[in-house]
Amino acid sequence: MNNTPTLASPSYPDVWQSTVHAHLQDKEKVHAWLEINLDERLHFKKNLLLVTGYRLLCLSDASSVTEFPYRATLKLEQHDHAGVASLILLDGKSCLARWRYTLAHNPAALRFIKQFEQQLNAFLTGHSADTDTLEYCGKCGAVLNQEQCPLCDADEETPPSAWTLLRLWRFARPYRWQLLSGFLLMLASTAATLVPPYLTMPLMDRVLIPYQNGAPIDTRIVTWLLAGLFASALLAWGLGWAKTYILALVSERIGADLRTVTYDHLLKLSLEYFGGKRTGDLMARIGSESDRICVFLSLHLLDFATDVLMIAMTAGILISINPWLAAVTLLPLPIIAWMIHIVRDKLRTGFEKIDRVWSQVSNVLADTIPGIRVVKAFAQEDREATRFREANAHNLLVNDHINKIWSLFSPSVTLLTEIGLLVVWAFGIWLVSRNQITVGVLTAFLAYISRFYTRLDSMSRIVSVTQKAASGAKRIFDILDHVSSVPEPTNPVHLENVAGRIDIYNAGFRYGNRSVIKGLNLNIAPGEMVGLVGHSGSGKSTLVNLMCRFYDVSEGSISIDGVNIRQLPIAEYRGNIGLVLQEPFLFFGSIAENIAYGKPDATRAEIVAAARAAHAHEFILRLPHGYDSLVGERGHGLSGGERQRISIARALLIDPRILILDEATASVDTETEKEIQKALDNLVHGRTTIAIAHRLSTLHKANRLVVLDRGEVVEVGNHEELMAKQGAYYRLYLAQVRNVDTDLDDQEIHHTEADA
């Protein structure tokens, strides 16, 4: 059975086949279906909705079937909230039926509505509908291509190609003259290494063989030949060192530029991109993949180019010495080329799969190490160790599959070269026996052939490292090719003095399949403090993210001082916003560096002043090294209240015109909350402030309270006005008061028991 939510015709899941056919009438055709998974009480239960040419059917089981014949007043609507969505069938203003499902089915549900509208319109007008019988991805709603999603499975679908490495030229271009110098040095050093075998011919034919026949050794010739051998070896060493050094320097700089550009681009991408990626995977791409490319450029590509030059030059020398013997030498080349072609295609997808599997290993580490406190608190060390072993075993399995292919290929090339060498020996001896070549020529030939086949074997190994480098380059360019969903404006507008007026007009936003903000309108005056309240999932944090432009609205607009924030440079706009989060993030470094994060050039006096205003100065001075005390990763070593006050000092230091407080006192005790509240009073003064708080008592200084529900503004006013209305805010307030009273009663009971 297919558990992925899809929309197709007519291949609905097998479990429904008999039920569907039992309730279809003669010649009735199913144009679309949708399998949903919740009942009215939100319990998991499968139902099947069908769109036919003249009615809508709902099948719960073999006996429970409901039909809704088409008529002009029918309308099918979709609503979603907090992970659950609904399809509502309306007849005018009355509700005929409501079907609920989890949001994983939402893309298919939207397509289903489209099909319903097409068939309803066709029934009413008498024209045939242009029906869509394709299948759609259950994640993003895109049309499936041979059971694969072109968006979700893009990375897996496209195998890496060695041509991807040519895109590295944009990083190599600034060093083109150094590369040219390295290539010329490579050419010269390769030529120098080919001199010694050529000098062995006269050494054999004019010195050693005549000496065996009784002739005296000519010391002058021997001296010159040995000097030539020594000089060529010395020259090859010097040129080889120079070209290796130059090209290694260039490749390191190319790798460094690649890492820098990729990281810069990554930082400019929107939060939406990071929401769909794993930390370990991104770290592996920028770290190990760029390092692999650097090694390829500095070592393997250099060796490959040397091998190609060596083979080309050696082939030319062999042909000039004896064309027939050269032809025999080159016999294995076509077979090796064919083997390389066959193996390359298998290795190309294999190495890219290895990279993905290795990123899974990195993801386990990236999850576990930062969350080690939670792992230990719940005694889940064995579970995490099992996760790592499973990921590591999967990595081993994939590598073993590739190694089976490669282990057969490499010895096969070696065997062919050894056979080729034997053939040359046999053919060379036959030519010597017929006096067609001398022993010196055969000796030089064998020396060249030895180098030729060694280079040929070495060059065949480049297939593996090239495919690995191409796989790494593809994964890096996947980042570089990604366009941010929050782009910089093409014609930016610069605001000189930001007053802080915020106008939100008909704003809408969706998190993937889920609609979070719908038709929201809100105006905030400069210097006004507005409190956002509502149940969890009502859209408070999403609205704050839209104001910060971490995401862009899907509909409507958000303006600052009358200018759409999409027209403002992102960094310049965010420089006017101070953000204090519920869980403040501190970087590894000193207290002073964390306070000055938004203003790195701040003086020590400015840092201390911000800390005093945030009521953090006193506890900072109690630390061993004061403002120079090191903060552990993510603020380890400081309490939650201390981290929050450093976060407030960080926001104070940049002196923002707009301040956003996202549950700034939600996770601290009452005494700490009082200290933080004093700091917030200093921070809020004179600034436009948007505050989110579950504790409604912390919003007593707000000029207005905005009550959100399901992404819409349902009430606006101060505390007294909203309490008088006895609406959504009134219910929230009473529920919170009851919880507080219950907590106080529990505390009183505990104190009484302790006194007794």
# chains A, B, ... in the order shown; residues from 1 in each chain; ligands from 1
$ closest_atom_pairs --of "segment 470-491 of chain A" --to "segment 546-559 of chain A" --cutoff "10 Å" --atoms "only C-alpha atoms" --output "Markdown table"
| residue | atom | partner | partner_atom | distance |
| --- | --- | --- | --- | --- |
| A:Ser484 | CA | A:Tyr551 | CA | 9.9 |
| A:Ser485 | CA | A:Asp552 | CA | 7.4 |
| A:Val486 | CA | A:Asp552 | CA | 6.1 |
| A:Pro487 | CA | A:Asp552 | CA | 9.1 |
$ write_last_selection --atoms "C-alpha atoms" --output "PDB file, in the first residue's frame"
ATOM      1  CA  SER A 484      17.881  33.083  -1.273  1.00  0.00           C
ATOM      2  CA  SER A 485      14.127  33.404  -0.809  1.00  0.00           C
ATOM      3  CA  VAL A 486      14.870  36.761   0.874  1.00  0.00           C
ATOM      4  CA  PRO A 487      16.757  38.588  -1.897  1.00  0.00           C
TER       5      PRO A 487
END
$ residues_around --residues "Gln178 of chain A" --least-positions-apart "6" --cutoff "12 Å" --atoms "only C-alpha atoms" --output "number ranges by chain"
A: 172, 184-185, 242-251, 253-254
$ write_last_selection --atoms "N, CA and C atoms" --output "short mmCIF file (atom, residue, chain, number, x, y, z; two decimals), in the first residue's frame"
data_model
loop_
_atom_site.label_atom_id
_atom_site.label_comp_id
_atom_site.auth_asym_id
_atom_site.auth_seq_id
_atom_site.Cartn_x
_atom_site.Cartn_y
_atom_site.Cartn_z
N ALA A 172 39.80 29.62 -10.11
CA ALA A 172 41.19 29.50 -10.56
C ALA A 172 41.63 30.69 -11.41
N LEU A 184 54.15 25.30 -17.60
CA LEU A 184 55.41 25.32 -18.34
C LEU A 184 56.51 24.59 -17.59
N LEU A 185 56.55 24.77 -16.26
CA LEU A 185 57.53 24.04 -15.46
C LEU A 185 57.26 22.54 -15.51
N ALA A 242 59.84 23.10 -8.24
CA ALA A 242 59.26 24.43 -8.51
C ALA A 242 57.80 24.31 -8.94
N LYS A 243 57.52 23.40 -9.87
CA LYS A 243 56.12 23.30 -10.35
C LYS A 243 55.20 22.74 -9.27
N THR A 244 55.69 21.80 -8.46
CA THR A 244 54.86 21.28 -7.37
C THR A 244 54.56 22.36 -6.34
N TYR A 245 55.57 23.16 -6.00
CA TYR A 245 55.40 24.22 -5.00
C TYR A 245 54.41 25.27 -5.49
N ILE A 246 54.59 25.72 -6.74
CA ILE A 246 53.71 26.77 -7.28
C ILE A 246 52.27 26.28 -7.37
N LEU A 247 52.07 25.09 -7.92
CA LEU A 247 50.71 24.59 -8.09
C LEU A 247 50.07 24.23 -6.75
N ALA A 248 50.86 23.79 -5.77
CA ALA A 248 50.30 23.52 -4.44
C ALA A 248 49.82 24.82 -3.80
N LEU A 249 50.61 25.90 -3.93
CA LEU A 249 50.19 27.19 -3.39
C LEU A 249 48.89 27.66 -4.04
N VAL A 250 48.82 27.51 -5.36
CA VAL A 250 47.63 27.96 -6.09
C VAL A 250 46.41 27.14 -5.67
N SER A 251 46.56 25.82 -5.57
CA SER A 251 45.42 24.97 -5.22
C SER A 251 44.93 25.27 -3.81
N ARG A 253 45.03 28.14 -2.34
CA ARG A 253 44.31 29.42 -2.42
C ARG A 253 42.96 29.24 -3.09
N ILE A 254 42.91 28.37 -4.10
CA ILE A 254 41.62 28.08 -4.73
C ILE A 254 40.68 27.43 -3.70
#
$ residues_around --residues "Ser541 of chain A" --least-positions-apart "2" --cutoff "8 Å" --atoms "only C-alpha atoms" --output "list in words"
Gly539, Leu543, Val544, Asn545, Asp662 and Ile692 of chain A
$ residues_around --residues "Gly578 of chain A" --least-positions-apart "2" --cutoff "6 Å" --atoms "only C-alpha atoms" --output "mmCIF file with N, CA and C atoms, in the first residue's frame"
data_model
loop_
_atom_site.group_PDB
_atom_site.id
_atom_site.type_symbol
_atom_site.label_atom_id
_atom_site.label_comp_id
_atom_site.auth_asym_id
_atom_site.auth_seq_id
_atom_site.Cartn_x
_atom_site.Cartn_y
_atom_site.Cartn_z
ATOM 1 N N ALA A 651 21.719 43.830 22.822
ATOM 2 C CA ALA A 651 20.725 44.607 22.078
ATOM 3 C C ALA A 651 20.825 46.092 22.412
ATOM 4 N N PRO A 656 19.023 50.097 18.960
ATOM 5 C CA PRO A 656 18.076 49.913 17.844
ATOM 6 C C PRO A 656 16.862 50.821 17.985
ATOM 7 N N LEU A 659 12.592 47.299 18.657
ATOM 8 C CA LEU A 659 12.988 46.255 19.598
ATOM 9 C C LEU A 659 11.965 45.127 19.554
#
$ atom_distance --atom1 "atom CA of Phe452 of chain A" --atom2 "atom CA of Met310 of chain A"
7.2 Å
$ atom_distance --atom1 "atom CA of Gly519 of chain A" --atom2 "atom CA of Met723 of chain A"
24.9 Å
$ atom_distance --atom1 "atom CA of Leu96 of chain A" --atom2 "atom CA of Arg71 of chain A"
12.8 Å
$ residues_around --residues "Asp281 of chain A" --least-positions-apart "4" --cutoff "12 Å" --atoms "only C-alpha atoms" --output "MDAnalysis selection string"
chainID A and resid 274 276:277 285:289 355:367 472 475:476 479
$ residues_around --residues "Leu42 of chain A" --least-positions-apart "4" --cutoff "12 Å" --atoms "only C-alpha atoms" --output "list of chain:residue names"
A:Ile36, A:Asn37, A:Leu38, A:Lys46, A:Gly83, A:Val84, A:Ala85, A:Ser86, A:Arg98, A:Trp99, A:Arg100, A:Tyr101, A:Thr102
$ write_last_selection --atoms "C-alpha atoms" --output "tab-separated table (two decimals), in the first residue's frame"
chain	number	residue	atom	x	y	z
A	36	ILE	CA	-6.91	11.24	4.39
A	37	ASN	CA	-5.99	9.94	7.84
A	38	LEU	CA	-7.98	11.59	10.69
A	46	LYS	CA	-8.18	6.30	6.82
A	83	GLY	CA	-0.39	20.67	12.01
A	84	VAL	CA	-3.99	19.69	11.22
A	85	ALA	CA	-5.88	20.68	8.09
A	86	SER	CA	-9.53	20.37	7.06
A	98	ARG	CA	-15.71	18.26	7.16
A	99	TRP	CA	-12.73	15.93	6.67
A	100	ARG	CA	-9.51	16.29	8.67
A	101	TYR	CA	-5.97	15.17	7.88
A	102	THR	CA	-2.35	15.86	8.82
$ select_by_dssp --residues "segment 29-269 of chain A" --states "helix (DSSP H, G or I)" --output "number ranges by chain"
A: 103-125, 154-157, 162-193, 195-212, 219-268
$ closest_residue --among "A:Asp39, A:Glu418, A:Asp91, A:Asp61" --to "Trp16 of chain A" --atoms "only C-alpha atoms"
A:Asp61
$ closest_residue --among "A:Ala109, A:Ala122, A:Leu266, A:Ala611" --to "Val483 of chain A" --atoms "only C-alpha atoms"
A:Leu266
$ select_by_dssp --residues "segment 32-259 of chain A" --states "strand (DSSP E)" --output "MDAnalysis selection string"
chainID A and resid 32:38 44:52 55:59 65:69 74:81 84:91 94:102
$ closest_residue --among "A:Trp177, A:Gly53, A:Ala385, A:Arg451" --to "Gly126 of chain A" --atoms "only C-alpha atoms"
A:Gly53
$ residues_around --residues "Asp601 of chain A" --least-positions-apart "6" --cutoff "12 Å" --atoms "only C-alpha atoms" --output "PyMOL selection string"
chain A and resi 592-593+595+607+653-654
$ closest_residue --among "A:Ala379, A:Ala610, A:Leu415, A:Leu325" --to "Val432 of chain A" --atoms "only C-alpha atoms"
A:Leu325
$ closest_residue --among "A:Ile311, A:Leu532, A:Leu297, A:Ile660" --to "Glu252 of chain A" --atoms "only C-alpha atoms"
A:Leu297
